[in-house]
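K.L.:
For reference, this is work.csv, and it has CSV, C-alpha atoms.
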chain,number,residue,atom,x,y,z
A,122,MET,CA,-13.7,26.9,-4.0
A,123,LYS,CA,-12.7,29.4,-6.6
A,124,PHE,CA,-13.2,27.7,-10.0
A,125,MET,CA,-11.3,30.2,-12.1
A,126,SER,CA,-9.9,33.7,-11.8
A,127,SER,CA,-12.0,36.7,-12.9
A,128,GLN,CA,-9.5,37.3,-15.7
A,129,ASN,CA,-10.0,33.8,-17.1
A,130,ARG,CA,-13.8,34.2,-16.8
A,131,ARG,CA,-13.6,37.4,-18.8
A,132,THR,CA,-11.5,35.7,-21.4
A,133,LEU,CA,-13.9,32.8,-21.7
A,134,ILE,CA,-16.9,35.2,-22.0
A,135,ALA,CA,-15.1,37.0,-24.8
A,136,VAL,CA,-14.3,33.7,-26.5
A,137,PHE,CA,-17.9,32.6,-26.2
A,138,ILE,CA,-19.3,35.9,-27.6
A,139,THR,CA,-16.8,35.8,-30.5
A,140,LEU,CA,-17.7,32.2,-31.3
A,141,LEU,CA,-21.4,32.9,-31.0
A,142,VAL,CA,-21.2,35.8,-33.4
A,143,VAL,CA,-19.2,33.7,-35.9
A,144,CYS,CA,-21.5,30.6,-35.7
A,145,GLU,CA,-24.7,32.7,-36.0
A,146,MET,CA,-23.2,34.5,-39.0
A,147,VAL,CA,-22.6,31.1,-40.6
A,148,ALA,CA,-26.2,30.1,-39.7
A,149,TYR,CA,-27.5,33.3,-41.3
A,150,VAL,CA,-25.6,32.7,-44.5
A,151,ALA,CA,-26.7,29.0,-44.6
A,152,THR,CA,-30.4,29.9,-44.2
A,153,THR,CA,-30.5,33.0,-46.5
A,154,PRO,CA,-31.0,32.3,-50.2
A,155,ARG,CA,-28.3,33.8,-52.3
A,156,PRO,CA,-29.4,36.3,-55.1
A,157,ARG,CA,-28.8,34.8,-58.5
A,158,GLU,CA,-29.3,35.9,-62.1
A,159,GLN,CA,-32.8,35.2,-63.3
A,160,PHE,CA,-33.3,34.4,-67.0
A,161,PHE,CA,-35.0,32.1,-69.6
A,162,GLN,CA,-33.4,30.3,-72.4
A,163,LEU,CA,-35.3,29.8,-75.7
A,164,TYR,CA,-34.0,27.7,-78.5
A,165,VAL,CA,-34.9,26.1,-81.8
A,166,LEU,CA,-33.0,23.0,-82.9
A,167,GLY,CA,-33.1,21.2,-86.3
A,168,ALA,CA,-34.3,17.8,-87.2
A,169,LYS,CA,-31.3,16.0,-85.6
A,170,HIS,CA,-31.6,17.9,-82.3
A,171,MET,CA,-28.7,20.2,-83.2
A,172,ALA,CA,-28.3,23.8,-84.3
A,173,ALA,CA,-28.1,22.6,-87.9
A,174,ASP,CA,-30.3,20.8,-90.5
A,175,TYR,CA,-33.2,23.2,-90.2
A,176,TYR,CA,-34.4,22.4,-93.7
A,177,PRO,CA,-35.1,19.2,-95.5
A,178,ASN,CA,-32.0,18.4,-97.7
A,179,ASN,CA,-30.5,21.7,-96.5
A,180,ASP,CA,-32.7,23.5,-99.0
A,181,THR,CA,-34.3,26.7,-97.6
A,182,ASP,CA,-37.0,26.4,-100.3
A,183,ILE,CA,-39.9,24.6,-98.7
A,184,ARG,CA,-42.5,23.0,-101.0
A,185,ILE,CA,-46.2,22.5,-100.3
A,186,GLY,CA,-46.8,19.5,-98.1
A,187,GLU,CA,-43.1,19.1,-97.3
A,188,PRO,CA,-42.7,18.4,-93.5
A,189,VAL,CA,-40.0,20.4,-91.6
A,190,THR,CA,-39.0,19.1,-88.2
A,191,TRP,CA,-37.7,21.4,-85.5
A,192,TYR,CA,-37.5,21.3,-81.7
A,193,LEU,CA,-38.6,24.3,-79.5
A,194,GLY,CA,-37.2,24.5,-76.0
A,195,VAL,CA,-37.4,26.8,-73.0
A,196,THR,CA,-35.4,26.6,-69.8
A,197,ASP,CA,-36.6,28.3,-66.6
A,198,ASN,CA,-33.8,29.8,-64.6
A,199,MET,CA,-36.0,32.3,-62.8
A,200,GLY,CA,-35.7,30.6,-59.4
A,201,THR,CA,-39.5,29.9,-59.4
A,202,ALA,CA,-42.1,28.0,-61.3
A,203,GLN,CA,-43.3,29.9,-64.4
A,204,LEU,CA,-46.2,29.8,-66.8
A,205,VAL,CA,-44.7,30.4,-70.3
A,206,ALA,CA,-46.0,30.6,-73.8
A,207,ILE,CA,-44.1,30.4,-77.1
A,208,ARG,CA,-46.0,32.5,-79.7
A,209,VAL,CA,-45.3,31.5,-83.3
A,210,LYS,CA,-45.7,34.3,-85.8
A,211,ILE,CA,-45.2,34.3,-89.5
A,212,GLY,CA,-43.5,37.3,-91.2
A,213,ASN,CA,-41.8,38.3,-94.4
A,214,GLN,CA,-38.8,40.4,-95.3
A,215,ILE,CA,-40.4,43.7,-94.3
A,216,SER,CA,-42.1,42.5,-91.1
A,217,LYS,CA,-40.7,44.2,-88.0
A,218,PRO,CA,-38.9,41.8,-85.7
A,219,PRO,CA,-39.3,42.1,-81.9
A,220,ASP,CA,-37.6,45.1,-80.5
A,221,ASP,CA,-35.0,44.1,-77.9
A,222,GLN,CA,-34.4,47.6,-76.6
A,223,GLN,CA,-38.0,48.6,-76.2
A,224,ALA,CA,-39.1,45.0,-75.4
A,225,LEU,CA,-41.8,45.2,-78.0
A,226,GLU,CA,-43.3,42.1,-79.7
A,227,SER,CA,-43.3,41.7,-83.5
A,228,PRO,CA,-46.4,43.0,-85.2
A,229,ALA,CA,-46.4,39.9,-87.5
A,230,PRO,CA,-49.6,37.8,-87.3
A,231,VAL,CA,-49.8,35.1,-84.7
A,232,VAL,CA,-50.1,31.5,-86.0
A,233,THR,CA,-50.4,29.7,-82.8
A,234,GLU,CA,-48.9,29.5,-79.3
A,235,PHE,CA,-47.7,26.7,-76.9
A,236,MET,CA,-48.3,27.1,-73.2
A,237,ARG,CA,-46.6,25.3,-70.5
A,238,PHE,CA,-45.9,25.4,-66.7
A,239,LEU,CA,-42.2,25.1,-66.0
A,240,GLN,CA,-40.6,24.2,-62.8
A,241,GLU,CA,-37.5,26.1,-61.7
A,242,ASN,CA,-34.4,24.9,-63.5
A,243,ALA,CA,-36.4,22.7,-65.8
A,244,THR,CA,-36.3,22.5,-69.6
A,245,TRP,CA,-39.4,22.0,-71.7
A,246,GLU,CA,-38.8,20.8,-75.3
A,247,THR,CA,-41.5,20.1,-77.8
A,248,PRO,CA,-41.3,18.9,-81.4
A,249,PHE,CA,-42.4,21.5,-84.0
A,250,VAL,CA,-43.3,19.7,-87.2
A,251,TRP,CA,-44.7,22.1,-89.7
A,252,SER,CA,-45.5,22.2,-93.4
A,253,ILE,CA,-47.1,24.6,-95.8
A,254,SER,CA,-50.6,23.2,-96.6
A,255,ASP,CA,-51.5,25.8,-99.2
A,256,ALA,CA,-49.9,28.8,-100.9
A,257,VAL,CA,-50.8,30.8,-104.0
A,258,SER,CA,-49.0,33.1,-106.3
A,259,SER,CA,-50.5,36.3,-107.6
A,260,GLY,CA,-48.2,38.3,-109.8
A,261,ASN,CA,-44.9,38.6,-108.0
A,262,SER,CA,-46.4,37.9,-104.6
A,263,THR,CA,-46.7,34.6,-102.9
A,264,ARG,CA,-49.2,34.1,-100.1
A,265,ILE,CA,-49.2,31.3,-97.6
A,266,LEU,CA,-52.8,30.5,-96.9
A,267,ARG,CA,-52.5,27.5,-94.5
A,268,LEU,CA,-49.8,26.1,-92.3
A,269,GLN,CA,-49.9,22.7,-90.6
A,270,ILE,CA,-48.2,22.6,-87.2
A,271,ASN,CA,-48.1,19.4,-85.2
A,272,ASN,CA,-51.1,18.0,-87.2
A,273,GLU,CA,-53.1,21.1,-86.6
A,274,THR,CA,-54.1,23.3,-89.6
A,275,TYR,CA,-54.0,27.1,-89.2
A,276,GLN,CA,-55.4,29.6,-91.6
A,277,ILE,CA,-52.9,32.4,-92.2
A,278,GLN,CA,-53.8,36.0,-92.7
A,279,ASP,CA,-51.7,38.7,-94.3
A,280,SER,CA,-48.6,36.6,-95.1
A,281,SER,CA,-47.1,37.3,-98.5
A,282,ALA,CA,-43.6,37.7,-99.8
A,283,SER,CA,-42.1,38.9,-103.0
A,284,ASN,CA,-41.6,35.9,-105.3
A,285,GLY,CA,-41.9,33.7,-102.2
A,286,HIS,CA,-38.5,34.7,-100.8
A,287,ASN,CA,-37.7,35.5,-97.2
A,288,PHE,CA,-40.6,34.3,-95.2
A,289,ARG,CA,-39.8,33.7,-91.6
A,290,LEU,CA,-41.2,32.0,-88.5
A,291,ILE,CA,-40.7,34.1,-85.4
A,292,PHE,CA,-40.8,32.5,-82.0
A,293,GLU,CA,-41.4,34.8,-79.0
A,294,LEU,CA,-41.2,33.9,-75.4
A,295,TRP,CA,-44.1,35.2,-73.3
A,296,THR,CA,-44.4,34.8,-69.6
A,297,TRP,CA,-47.3,35.1,-67.1
A,298,GLN,CA,-46.9,38.2,-65.0
A,299,THR,CA,-48.7,37.7,-61.7
A,300,GLU,CA,-48.9,41.4,-60.9
A,301,ALA,CA,-50.5,42.3,-64.3
A,302,ASN,CA,-52.5,39.0,-64.4
A,303,ALA,CA,-51.7,38.6,-68.1
A,304,PHE,CA,-49.0,37.3,-70.4
A,305,GLU,CA,-46.3,39.7,-71.3
A,306,PHE,CA,-43.6,39.5,-73.9
A,307,GLY,CA,-40.4,38.6,-72.1
A,308,TRP,CA,-39.8,38.9,-68.4
A,309,THR,CA,-38.8,41.3,-65.7
A,310,THR,CA,-35.7,40.8,-63.5
A,311,GLY,CA,-34.0,43.2,-61.2
A,312,GLY,CA,-36.2,46.1,-62.5
A,313,GLU,CA,-35.2,45.3,-66.1
A,314,HIS,CA,-37.4,44.0,-68.8
A,315,ARG,CA,-35.8,41.3,-71.0
A,316,VAL,CA,-37.0,39.5,-74.0
A,317,ALA,CA,-36.1,36.2,-75.9
A,318,TRP,CA,-37.1,35.5,-79.4
A,319,LEU,CA,-35.8,33.7,-82.5
A,320,GLN,CA,-36.6,33.6,-86.1
A,321,VAL,CA,-35.9,31.1,-88.9
A,322,TRP,CA,-36.1,32.2,-92.6
A,323,PHE,CA,-37.4,30.1,-95.4
A,324,ASN,CA,-38.6,30.5,-99.0
A,325,MET,CA,-41.7,29.2,-100.7
A,326,THR,CA,-41.1,29.5,-104.5
A,327,SER,CA,-43.4,26.8,-105.7
A,328,PRO,CA,-47.0,27.9,-104.8
A,329,ARG,CA,-50.0,27.0,-106.8
A,330,PRO,CA,-51.3,29.7,-109.2
A,331,ALA,CA,-54.2,31.8,-107.9
A,332,LEU,CA,-57.6,30.7,-109.4
B,275,MET,CA,-92.8,26.9,-72.6
B,276,GLY,CA,-90.7,24.4,-70.7
B,277,VAL,CA,-89.3,23.0,-73.9
B,278,LEU,CA,-88.3,26.5,-75.0
B,279,VAL,CA,-86.4,27.0,-71.8
B,280,VAL,CA,-84.6,23.7,-72.2
B,281,LEU,CA,-83.7,24.6,-75.8
B,282,ALA,CA,-82.5,28.0,-74.8
B,283,LEU,CA,-80.2,26.4,-72.1
B,284,VAL,CA,-78.8,23.9,-74.5
B,285,ALA,CA,-78.1,26.7,-77.0
B,286,ILE,CA,-76.4,28.8,-74.3
B,287,GLN,CA,-74.2,26.0,-73.0
B,288,PRO,CA,-71.5,26.0,-75.8
B,289,LEU,CA,-71.1,29.8,-75.3
B,290,ALA,CA,-70.6,29.3,-71.5
B,291,VAL,CA,-68.1,26.5,-72.1
B,292,THR,CA,-66.1,28.6,-74.6
B,293,SER,CA,-65.6,31.5,-72.3
B,294,GLN,CA,-64.7,29.1,-69.5
B,295,THR,CA,-61.9,27.6,-71.6
B,296,THR,CA,-60.3,30.8,-72.7
B,297,ASP,CA,-60.1,34.0,-70.5
B,298,SER,CA,-61.3,32.8,-67.2
B,299,LEU,CA,-59.3,29.6,-67.2
B,300,GLN,CA,-56.2,31.6,-68.3
B,301,LEU,CA,-56.7,33.8,-65.3
B,302,ARG,CA,-57.1,30.8,-63.0
B,303,PHE,CA,-53.9,29.3,-64.4
B,304,GLY,CA,-52.3,32.6,-63.5
B,305,GLU,CA,-53.7,32.5,-60.0
B,306,THR,CA,-52.4,29.0,-59.5
B,307,ILE,CA,-48.9,30.1,-60.6
B,308,ALA,CA,-49.1,32.9,-57.9
B,309,MET,CA,-50.0,30.2,-55.3
B,310,LEU,CA,-47.1,28.1,-56.4
B,311,HIS,CA,-44.8,31.2,-56.0
B,312,GLN,CA,-46.1,31.5,-52.4
B,313,ALA,CA,-45.4,27.9,-51.7
B,314,GLU,CA,-41.9,28.3,-53.2
B,315,SER,CA,-41.3,31.4,-51.1
B,316,ALA,CA,-42.4,29.4,-48.0
B,317,GLY,CA,-39.7,26.9,-48.8
B,318,ALA,CA,-41.5,24.1,-50.6
B,319,THR,CA,-39.0,21.6,-52.2
B,320,PRO,CA,-38.5,21.1,-56.0
B,321,SER,CA,-40.2,17.7,-55.8
B,322,GLU,CA,-43.2,19.1,-54.0
B,323,ILE,CA,-43.6,21.9,-56.6
B,324,GLY,CA,-42.8,19.4,-59.4
B,325,ALA,CA,-45.9,17.3,-58.6
B,326,LEU,CA,-48.1,20.4,-58.8
B,327,VAL,CA,-46.5,21.6,-62.0
B,328,ALA,CA,-47.2,18.1,-63.5
B,329,LEU,CA,-50.9,18.4,-62.6
B,330,LEU,CA,-51.1,21.9,-64.0
B,331,ASN,CA,-49.5,20.8,-67.3
B,332,LYS,CA,-52.1,18.0,-67.4
B,333,ALA,CA,-54.8,20.7,-67.0
B,334,LEU,CA,-53.3,22.7,-69.8
B,335,GLU,CA,-53.4,19.6,-72.1
B,336,LEU,CA,-57.0,18.9,-71.3
B,337,ASN,CA,-57.8,22.5,-71.9
B,338,GLY,CA,-56.1,22.4,-75.2
B,339,GLU,CA,-58.1,19.3,-76.1
B,340,ALA,CA,-61.3,21.0,-75.0
B,341,LEU,CA,-60.5,24.0,-77.3
B,342,LYS,CA,-60.3,21.7,-80.3
B,343,LEU,CA,-63.8,20.3,-79.8
B,344,THR,CA,-65.9,22.8,-81.7
B,345,ALA,CA,-68.5,20.6,-83.4
B,346,PRO,CA,-72.0,20.7,-81.9
B,347,ASP,CA,-72.0,16.9,-81.1
B,348,GLU,CA,-68.8,17.4,-79.1
B,349,VAL,CA,-70.3,19.8,-76.6
B,350,GLN,CA,-70.8,17.1,-74.0
B,351,ARG,CA,-67.2,15.9,-74.2
B,352,ARG,CA,-66.0,19.4,-74.1
B,353,ALA,CA,-67.9,20.2,-70.9
B,354,GLU,CA,-66.5,17.0,-69.4
B,355,LEU,CA,-62.9,18.1,-70.2
B,356,VAL,CA,-63.5,21.6,-68.8
B,357,ALA,CA,-64.9,20.1,-65.6
B,358,GLN,CA,-61.8,17.9,-65.3
B,359,VAL,CA,-59.6,21.0,-65.8
B,360,ASP,CA,-61.6,22.8,-63.1
B,361,GLN,CA,-61.2,19.8,-60.8
B,362,ILE,CA,-57.4,19.7,-61.3
B,363,LEU,CA,-57.1,23.4,-60.7
B,364,MET,CA,-59.1,23.1,-57.5
B,365,THR,CA,-56.8,20.2,-56.4
B,366,VAL,CA,-53.7,22.2,-57.2
B,367,GLU,CA,-55.0,25.3,-55.4
B,368,ASN,CA,-55.8,23.3,-52.2
B,369,ARG,CA,-52.5,21.4,-52.3
B,370,ALA,CA,-50.6,24.6,-52.9
B,371,ALA,CA,-52.3,26.3,-49.9
B,372,ASP,CA,-51.5,23.2,-47.7
B,373,LEU,CA,-48.0,23.1,-49.0
B,374,THR,CA,-47.5,26.8,-48.2
B,375,ALA,CA,-48.5,26.3,-44.6
B,376,LEU,CA,-46.4,23.1,-44.2
B,377,ALA,CA,-43.3,24.5,-45.9
B,378,SER,CA,-43.6,27.7,-43.9
B,379,GLN,CA,-43.7,25.8,-40.6
B,380,ARG,CA,-40.8,23.5,-41.8
B,381,SER,CA,-38.6,26.5,-42.9
B,382,TYR,CA,-39.2,28.3,-39.6
B,383,THR,CA,-38.3,25.1,-37.6
B,384,ASN,CA,-35.2,24.6,-39.8
B,385,LYS,CA,-34.1,28.2,-39.3
B,386,VAL,CA,-34.6,28.1,-35.5
B,387,LEU,CA,-32.7,24.8,-35.4
B,388,THR,CA,-29.8,26.2,-37.4
B,389,TYR,CA,-29.5,29.2,-35.1
B,390,VAL,CA,-29.7,26.9,-32.0
B,391,TRP,CA,-27.0,24.7,-33.5
B,392,GLY,CA,-24.9,27.9,-33.9
B,393,ALA,CA,-25.3,28.7,-30.2
B,394,ILE,CA,-24.5,25.0,-29.2
B,395,ALA,CA,-21.4,25.1,-31.4
B,396,ALA,CA,-20.3,28.4,-29.7
B,397,VAL,CA,-20.8,26.7,-26.2
B,398,LEU,CA,-18.9,23.6,-27.3
B,399,GLY,CA,-16.1,25.8,-28.8
B,400,THR,CA,-15.8,27.7,-25.6
B,401,ILE,CA,-15.6,24.6,-23.4
B,402,LEU,CA,-13.0,23.2,-25.8
B,403,TYR,CA,-11.0,26.5,-25.5
B,404,ALA,CA,-11.3,26.3,-21.7
B,405,PHE,CA,-10.0,22.7,-21.5
B,406,THR,CA,-7.2,23.5,-24.0
B,407,MET,CA,-6.1,26.5,-22.0
B,408,SER,CA,-6.3,24.5,-18.7
B,409,PHE,CA,-4.1,21.7,-20.1
B,410,TYR,CA,-1.7,24.2,-21.6
B,411,ARG,CA,-1.3,26.0,-18.2
B,412,LYS,CA,-0.8,22.7,-16.4
B,413,TYR,CA,1.8,21.7,-19.0
B,414,ARG,CA,3.6,25.1,-18.6
B,415,ILE,CA,3.6,24.6,-14.7
B,416,LYS,CA,4.9,21.1,-15.1
B,417,ARG,CA,7.7,22.3,-17.4
B,418,THR,CA,8.6,25.1,-15.0
B,419,PHE,CA,9.0,22.7,-12.1
B,420,GLN,CA,11.1,20.4,-14.3
B,421,MET,CA,13.6,23.1,-15.0
B,422,ARG,CA,17.1,22.8,-13.7
B,423,ILE,CA,19.5,25.6,-13.0
B,424,SER,CA,22.9,24.9,-14.4
B,425,ARG,CA,26.1,26.9,-14.4
B,426,LYS,CA,27.4,28.0,-17.8
If you took the structure in this file and wrote it as C-alpha cells, what would it be?

P.N.:
Amino acid sequence: MKFMSSQNRRTLIAVFITLLVVCEMVAYVATTPRPREQFFQLYVLGAKHMAADYYPNNDTDIRIGEPVTWYLGVTDNMGTAQLVAIRVKIGNQISKPPDDQQALESPAPVVTEFMRFLQENATWETPFVWSISDAVSSGNSTRILRLQINNETYQIQDSSASNGHNFRLIFELWTWQTEANAFEFGWTTGGEHRVAWLQVWFNMTSPRPAL
Amino acid sequence: MGVLVVLALVAIQPLAVTSQTTDSLQLRFGETIAMLHQAESAGATPSEIGALVALLNKALELNGEALKLTAPDEVQRRAELVAQVDQILMTVENRAADLTALASQRSYTNKVLTYVWGAIAAVLGTILYAFTMSFYRKYRIKRTFQMRISRK
C-alpha cells in the first residue's frame, strides 16, 4: 500500500528539516550564556545608610576621638565570584587622586584594606567606624598621627594639611587578577581596564599642639 | 646542643607563621578564586558557589585574626588559626575540583538533553503537520463531493 505520494513525502521532509533547524536554534540560544556588561559598584553611605549625614552634626570638622560612622559597599556584577579589596588611603588637598584615564592608583599612603570574596551578583557591605586618635599642629600644618578604624588603631605616615583643612579618605577598589596572580587597581572587562574609587573630605582643625 | 636546636626552632616559628599568613596565603586565596572560576565556567549553580565563598570568607576572617596576634605569647594561637585557614583552603580546593567535574558532567547532559528535545519537538511538529494536512485534504474532498450544480 502506498502510504503517501512522493510529493507529500518531500513536503514532510522539508517541514521536518525546517522545524529541526528552528528547534535546534532555540536549543542553542537556551544553552549559550548571553554576554553581559561586567562591572563592580563601590559606595560609601553615611551613618543613616544614605548618601547623606557623612559627618557628626553635619560638621565637616572632625575632633579628636569623635567617631564617624560610614558604610562601605561593593557589588559584584562580573558574572563570576571575585576576590576584592577596598584600600583606604589618607590624603590632603595636594594628594593626587586615582587616575581614571590611566587606571593609576593614588600615591597617598595606605591606612588599611578590607578583603572579601564576593559571589556573582552579591553585595558586601561593612561598617566603617573611624575616629582620629591623635593629631598635632606644628606651625600652620596639622598632622594626623593615628586613626582608629573599626576598633583597630593605625599609625599614619606623611599625612598633613595646611591648618587642618581638606584631609580626605580615599577608597580604592582592587581586584584579584588570576592571570597576574596579584591584586590590581580596578578590573579588566572586554579588553578595557576600569577603576572605581571614592573620596570623602574632612577637616581636623583642633589638634593638640606639638610637644 | 639539643636545647639549642629546640630554642632555634621556637625562635624561627613566628617568622614562618608570619610569611604563611601574608604572601603565600594571599597567593593561595588567588588560586582558590581561579578554581571557583573553573567551577562556574563548568556550570556550578550560585548556591554551590555561595557555599564555597562563605568558607573562603571564613578563612579570610581567621587570617585577619591571625595577623593581629603579634605578641610572643600568642604564637601558639596564631599557628592554630593559620592551620585552620590552611584546612579551610584545602577543603575549598577539593570541593571546587569535585564541583567542576560534577557541574561539567551536569552541563553536558543538560545540553545534550536540550538538543534531543529540540529534535523530538521537530518530529512531533512534523507529525502534527502531516495529520493536519491529511484532515484538511479529507475535508476538501468531502466538501467537493457535497457540491451541487445549480443553474443561475

K.L.:
Would you kindly report the residues of chain A within 10 Å of chain B, using all atoms listed in the file, as a ChimeraX atom specification?

P.N.:
/A:129-130,132-149,151-153,200-204,235-243,273,297-304

K.L.:
With only C-alpha atoms as the counted atoms, please give the residues lying no more than 8 Å from region 357-359 of chain B, apart from itself and same-chain residues fewer than 2 positions off, as a CSV table (one decimal) with C-alpha atoms, in the frame of the given file.

P.N.:
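selection.csv, written as the output of this step:
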chain,number,residue,atom,x,y,z
B,333,ALA,CA,-54.8,20.7,-67.0
B,334,LEU,CA,-53.3,22.7,-69.8
B,336,LEU,CA,-57.0,18.9,-71.3
B,337,ASN,CA,-57.8,22.5,-71.9
B,353,ALA,CA,-67.9,20.2,-70.9
B,354,GLU,CA,-66.5,17.0,-69.4
B,355,LEU,CA,-62.9,18.1,-70.2
B,361,GLN,CA,-61.2,19.8,-60.8
B,362,ILE,CA,-57.4,19.7,-61.3
B,363,LEU,CA,-57.1,23.4,-60.7

K.L.:
What is the distance, in Å and to one decimal place, between CA of Gln320 (chain A) and CA of Ser216 (chain A)?

P.N.:
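Between CA of Gln320 (chain A) and CA of Ser216 (chain A) the gap is 11.6 Å.
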
K.L.:
Using Å and a single decimal, report how far CA of Trp295 (chain A) sits from CA of Asp279 (chain A).

P.N.:
22.6 Å

K.L.:
Calculate how many Å separate CA of Ala331 (chain A) from CA of Asn179 (chain A), rounding to one decimal.

P.N.:
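Value for the CA of Ala331 (chain A)-CA of Asn179 (chain A) distance: 28.2 Å.
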